[in-house]
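Enquirer: A single structure is presented below for examination.
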Amino acid sequence: MSRETTVNLLLALLLLCAPLLAAGMGEPFYVTLATRVVVLALAAVGLNLALGLGGLLSFGHAAFFGLGGYVAGILATHAFNGEPLFAGIPATTSMPLIWIAAVAVAGLIALPIGAISLRTSGVYFIMITLAFAQMIYYFAISWPAYGGEDGLSMAMRNAFPGVNTAKPLPYFLICYAALMAALLLFRVVEGSRFGSALQAARQNGIRLAAVGIAPFNIRLVAFGASAMITGFAGALYADLNRFVGPSMLSWHMSGELIVLIILGGKGRLFGPVAGAMIFVFFEYVLGGITERWQFFLGLILLGIVLFARGGLLGLLSGKPRHV
């Protein structure tokens, strides 16, 4: 067993055991805090697929995160009010159906955005993904039917068959299982021919094209898959808070996801998990002391960028096996 695998297993056990212990001690707040870590890590896993493997620094992934949240909120609101979504199309509070809808919407929106954005590179790619995300953000603000600038509250958490999702621990376990599934998918993609082609496109797209593989197609598929995972996380986040608002679509959220990946380790399997744990820890501990807790997080981020580019996992487990 490699050193990085050992660190990954320890992080997975810590993330699972901490909320179980908190629930046993009658501290549901810490279970909810752990669920926030899991959901943010899941969203960052989606971005890590595009950024870590494909080198696609998207500053617009908040759009897919927010779209997933709005799909969950809109469907739940219509179902609670007994109103059809569209003529002849009923709404639902079933989490599996909502997840499918959130993933589908995020993927469908990501394809045209990716098809346009991937014709650019570097700072132009960053700015065009940001521009698309901001367009969706301002559309949400100007949509009064679903709360507009005030957002949309959900009367209750959506339902999962055989599980009481209103309780913090069962909902945490659902989110934890989703995160583990996404990490498994990331590992499978990384070790597949598609993953090798994606990493080759990141390193030298011209050489990849020379052997008969179109880098554009590889990157577009990766961008779409990345958006779908992030959209799935957005649906879980809306259920966690029982609220969805334009802040989920804001460029600040895109920045947070990038920060999580840099903190934990870009391209690392558990990098988003480690990054989310650090981020939420600082948000909770330092946030209770000062409103300017981001200053101290920024110092840590600066130190990682300058002296530990492999992130926390790079410090703990050394260089990755892949380049």
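Chain labels run A, B, ... following the order of the structure tokens; each chain numbers its residues from 1, and ligands are numbered from 1 in the order shown.
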May I have the residues within 9 Å of segment 230-240 of chain A as a PyMOL selection string, using only C-alpha atoms and disregarding those fewer than 4 positions away in the same chain?
Expert: chain A and resi 32+35-36+39-47+61-73+95+98-100+102-107+154+156-158+168+171+175+178-179+225-226+244-245+248
Enquirer: Need the shell around Gly275 of chain A: protein/DNA/RNA residues with any atom at most 12 Å away, counting only C-alpha atoms. Skip same-chain ones fewer than 4 positions apart. Format as an MDAnalysis selection string?
Expert: chainID A and resid 11 37:38 40:45 48 256:266 268:271 279:282 297 300:301 304 310:314
Enquirer: Write out, as a short mmCIF file (atom, residue, chain, number, x, y, z; two decimals), in the first residue's frame, the residues just selected, with N, CA, C and O atoms.
Expert:
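Contents of out37.cif, freshly written:
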data_model
loop_
_atom_site.label_atom_id
_atom_site.label_comp_id
_atom_site.auth_asym_id
_atom_site.auth_seq_id
_atom_site.Cartn_x
_atom_site.Cartn_y
_atom_site.Cartn_z
N LEU A 11 -8.06 9.77 5.82
CA LEU A 11 -8.99 10.88 5.63
C LEU A 11 -10.43 10.40 5.49
O LEU A 11 -11.35 11.00 6.06
N VAL A 37 -18.77 19.63 4.63
CA VAL A 37 -17.45 19.24 4.12
C VAL A 37 -17.60 18.27 2.96
O VAL A 37 -16.97 18.42 1.90
N VAL A 38 -18.45 17.26 3.14
CA VAL A 38 -18.63 16.22 2.14
C VAL A 38 -19.19 16.80 0.83
O VAL A 38 -18.71 16.47 -0.26
N LEU A 40 -19.16 19.97 -0.29
CA LEU A 40 -18.19 20.84 -0.96
C LEU A 40 -17.08 20.00 -1.60
O LEU A 40 -16.60 20.33 -2.70
N ALA A 41 -16.66 18.94 -0.92
CA ALA A 41 -15.64 18.06 -1.50
C ALA A 41 -16.15 17.40 -2.77
O ALA A 41 -15.41 17.27 -3.76
N LEU A 42 -17.41 17.00 -2.77
CA LEU A 42 -18.00 16.39 -3.97
C LEU A 42 -18.01 17.37 -5.14
O LEU A 42 -17.67 17.01 -6.28
N ALA A 43 -18.39 18.63 -4.88
CA ALA A 43 -18.37 19.64 -5.93
C ALA A 43 -16.96 19.86 -6.46
O ALA A 43 -16.75 20.01 -7.67
N ALA A 44 -15.98 19.85 -5.55
CA ALA A 44 -14.59 20.04 -5.97
C ALA A 44 -14.05 18.82 -6.72
O ALA A 44 -13.17 18.97 -7.58
N VAL A 45 -14.54 17.63 -6.41
CA VAL A 45 -14.15 16.44 -7.18
C VAL A 45 -14.53 16.62 -8.64
O VAL A 45 -13.78 16.27 -9.55
N ASN A 48 -12.12 18.98 -10.09
CA ASN A 48 -10.81 18.34 -10.14
C ASN A 48 -10.66 17.44 -11.36
O ASN A 48 -9.56 17.25 -11.87
N GLU A 256 -14.07 29.41 -4.45
CA GLU A 256 -13.95 28.49 -3.32
C GLU A 256 -13.59 27.08 -3.78
O GLU A 256 -12.75 26.41 -3.17
N LEU A 257 -14.22 26.62 -4.84
CA LEU A 257 -13.94 25.27 -5.34
C LEU A 257 -12.48 25.16 -5.80
O LEU A 257 -11.83 24.15 -5.56
N ILE A 258 -11.98 26.20 -6.46
CA ILE A 258 -10.58 26.19 -6.89
C ILE A 258 -9.66 26.20 -5.67
O ILE A 258 -8.65 25.48 -5.64
N VAL A 259 -10.01 26.98 -4.65
CA VAL A 259 -9.21 27.03 -3.42
C VAL A 259 -9.16 25.66 -2.76
O VAL A 259 -8.10 25.22 -2.28
N LEU A 260 -10.28 24.95 -2.72
CA LEU A 260 -10.32 23.62 -2.11
C LEU A 260 -9.33 22.69 -2.79
O LEU A 260 -8.61 21.92 -2.13
N ILE A 261 -9.29 22.74 -4.11
CA ILE A 261 -8.40 21.86 -4.88
C ILE A 261 -6.94 22.22 -4.64
O ILE A 261 -6.09 21.35 -4.46
N ILE A 262 -6.63 23.52 -4.61
CA ILE A 262 -5.25 23.95 -4.38
C ILE A 262 -4.80 23.58 -2.97
O ILE A 262 -3.67 23.12 -2.76
N LEU A 263 -5.68 23.77 -1.99
CA LEU A 263 -5.34 23.44 -0.60
C LEU A 263 -5.05 21.95 -0.44
O LEU A 263 -4.07 21.57 0.21
N GLY A 264 -5.91 21.12 -1.03
CA GLY A 264 -5.74 19.68 -0.86
C GLY A 264 -4.70 19.08 -1.78
O GLY A 264 -3.97 18.17 -1.38
N GLY A 265 -4.64 19.56 -3.02
CA GLY A 265 -3.69 19.01 -3.98
C GLY A 265 -4.36 18.79 -5.32
O GLY A 265 -5.23 17.92 -5.44
N LYS A 266 -3.95 19.57 -6.32
CA LYS A 266 -4.54 19.47 -7.66
C LYS A 266 -4.22 18.12 -8.29
O LYS A 266 -3.09 17.68 -8.32
N ARG A 268 -4.99 15.24 -7.22
CA ARG A 268 -4.94 14.15 -6.22
C ARG A 268 -6.34 13.61 -5.99
O ARG A 268 -7.31 14.37 -5.98
N LEU A 269 -6.44 12.33 -5.74
CA LEU A 269 -7.74 11.70 -5.54
C LEU A 269 -8.49 12.33 -4.37
O LEU A 269 -9.66 12.71 -4.51
N PHE A 270 -7.85 12.44 -3.23
CA PHE A 270 -8.49 12.99 -2.04
C PHE A 270 -8.11 14.46 -1.81
O PHE A 270 -8.37 14.99 -0.72
N GLY A 271 -7.55 15.11 -2.82
CA GLY A 271 -7.23 16.52 -2.68
C GLY A 271 -8.44 17.38 -2.34
O GLY A 271 -8.39 18.19 -1.41
N PHE A 279 -10.83 24.03 4.71
CA PHE A 279 -11.64 25.23 4.49
C PHE A 279 -12.74 25.36 5.54
O PHE A 279 -12.91 26.42 6.16
N VAL A 280 -13.51 24.29 5.75
CA VAL A 280 -14.62 24.36 6.71
C VAL A 280 -14.10 24.50 8.13
O VAL A 280 -14.72 25.19 8.96
N PHE A 281 -12.96 23.87 8.43
CA PHE A 281 -12.37 24.02 9.77
C PHE A 281 -12.04 25.48 10.06
O PHE A 281 -12.38 26.02 11.11
N PHE A 282 -11.37 26.13 9.10
CA PHE A 282 -11.03 27.54 9.29
C PHE A 282 -12.29 28.40 9.33
O PHE A 282 -12.37 29.36 10.11
N LEU A 297 -6.72 32.17 6.13
CA LEU A 297 -6.78 31.12 5.11
C LEU A 297 -5.96 31.53 3.89
O LEU A 297 -5.29 30.69 3.29
N ILE A 300 -2.31 30.78 4.41
CA ILE A 300 -2.02 29.36 4.21
C ILE A 300 -2.00 29.02 2.73
O ILE A 300 -1.13 28.29 2.24
N LEU A 301 -2.98 29.55 2.00
CA LEU A 301 -3.04 29.31 0.56
C LEU A 301 -1.79 29.86 -0.13
O LEU A 301 -1.23 29.20 -1.02
N ILE A 304 1.08 27.49 0.51
CA ILE A 304 0.98 26.26 -0.29
C ILE A 304 1.39 26.52 -1.73
O ILE A 304 2.13 25.74 -2.34
N GLY A 310 1.95 20.69 -4.17
CA GLY A 310 1.15 19.47 -4.13
C GLY A 310 0.04 19.52 -3.11
O GLY A 310 -0.68 18.54 -2.94
N GLY A 311 -0.11 20.66 -2.42
CA GLY A 311 -1.16 20.80 -1.43
C GLY A 311 -0.88 20.00 -0.18
O GLY A 311 0.24 19.49 0.05
N LEU A 312 -1.90 19.85 0.65
CA LEU A 312 -1.75 19.10 1.90
C LEU A 312 -1.35 17.66 1.63
O LEU A 312 -0.49 17.11 2.32
N LEU A 313 -1.96 17.04 0.62
CA LEU A 313 -1.63 15.64 0.32
C LEU A 313 -0.20 15.52 -0.20
O LEU A 313 0.45 14.50 0.01
N GLY A 314 0.28 16.55 -0.88
CA GLY A 314 1.67 16.54 -1.33
C GLY A 314 2.62 16.55 -0.15
O GLY A 314 3.65 15.87 -0.17
#
Enquirer: Which value, in Å to one decimal, gives the distance between atom CA of Ala91 of chain A and atom CA of Ala177 of chain A?
Expert: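 Interatomic distance here is 25.3 Å.
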Enquirer: Mind the document's chain letters and residue numbers, and return as a PyMOL selection string the residues of segment 25-204 of chain A that DSSP labels strand (DSSP E or B).
Expert: chain A and resi 86+89+94+152-153+159-160+163
Enquirer: May I have the residues from that selection written out with N, CA, C and O atoms, as a compact mmCIF listing (two decimals), in the first residue's frame?
Expert:
# COMPACT_ATOMS: atom_id res chain seq x y z
N PHE A 86 -44.28 21.51 -15.51
CA PHE A 86 -44.80 22.03 -16.77
C PHE A 86 -46.13 21.34 -17.02
O PHE A 86 -46.54 20.46 -16.26
N ILE A 89 -46.24 17.52 -16.74
CA ILE A 89 -45.01 16.98 -16.14
C ILE A 89 -45.05 17.25 -14.64
O ILE A 89 -44.94 18.39 -14.19
N SER A 94 -38.60 13.17 -4.66
CA SER A 94 -37.72 12.00 -4.60
C SER A 94 -36.29 12.39 -4.93
O SER A 94 -36.01 12.88 -6.02
N LEU A 152 -34.73 30.84 -2.85
CA LEU A 152 -35.90 29.97 -2.75
C LEU A 152 -35.75 29.04 -1.56
O LEU A 152 -34.80 28.26 -1.48
N SER A 153 -36.68 29.14 -0.62
CA SER A 153 -36.66 28.26 0.56
C SER A 153 -37.41 26.97 0.26
O SER A 153 -38.40 26.96 -0.48
N ALA A 159 -37.03 13.52 -0.17
CA ALA A 159 -37.13 12.17 0.38
C ALA A 159 -36.21 11.19 -0.33
O ALA A 159 -35.95 11.30 -1.53
N PHE A 160 -35.70 10.22 0.45
CA PHE A 160 -34.92 9.11 -0.09
C PHE A 160 -35.56 7.83 0.42
O PHE A 160 -35.86 7.72 1.61
N VAL A 163 -35.19 6.07 4.12
CA VAL A 163 -34.29 6.86 4.96
C VAL A 163 -35.02 8.11 5.44
O VAL A 163 -35.71 8.76 4.67
Enquirer: Taking 4 positions as the minimum chain separation for residues in the same chain, which residues sit within 10 Å of Arg3 of chain A when counting only C-alpha atoms? Answer as JSON, numbers by chain.
Expert: {"A": [7, 8, 316, 317, 318]}
Enquirer: So which bits of segment 34-157 of chain A end up helix (DSSP H, G or I) when you DSSP the backbone, as a PyMOL selection string?
Expert: chain A and resi 34-53+62-81+95-117+123-141+144-146+148-150
Enquirer: Pick out the closest residue to Met180 of chain A from this set: A:Thr129, A:Pro272, A:Pro84, A:Asp150. Count only C-alpha atoms.
Expert: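 Counting only C-alpha atoms, the residue closest to Met180 of chain A is A:Pro272.
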Enquirer: Go through A:Leu208, A:Leu169, A:Ile289, A:Ala131 and flag the residue nearest Val31 of chain A, using only C-alpha atoms for the distances.
Expert: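 Counting only C-alpha atoms, the residue closest to Val31 of chain A is A:Leu169.
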Enquirer: Quick one: of A:Leu33, A:Leu13, A:Ala145, A:Ala18, who's nearest to Val285 of chain A, counting only C-alpha atoms?
Expert: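 Distance minimum relative to Val285 of chain A lands on A:Leu33.
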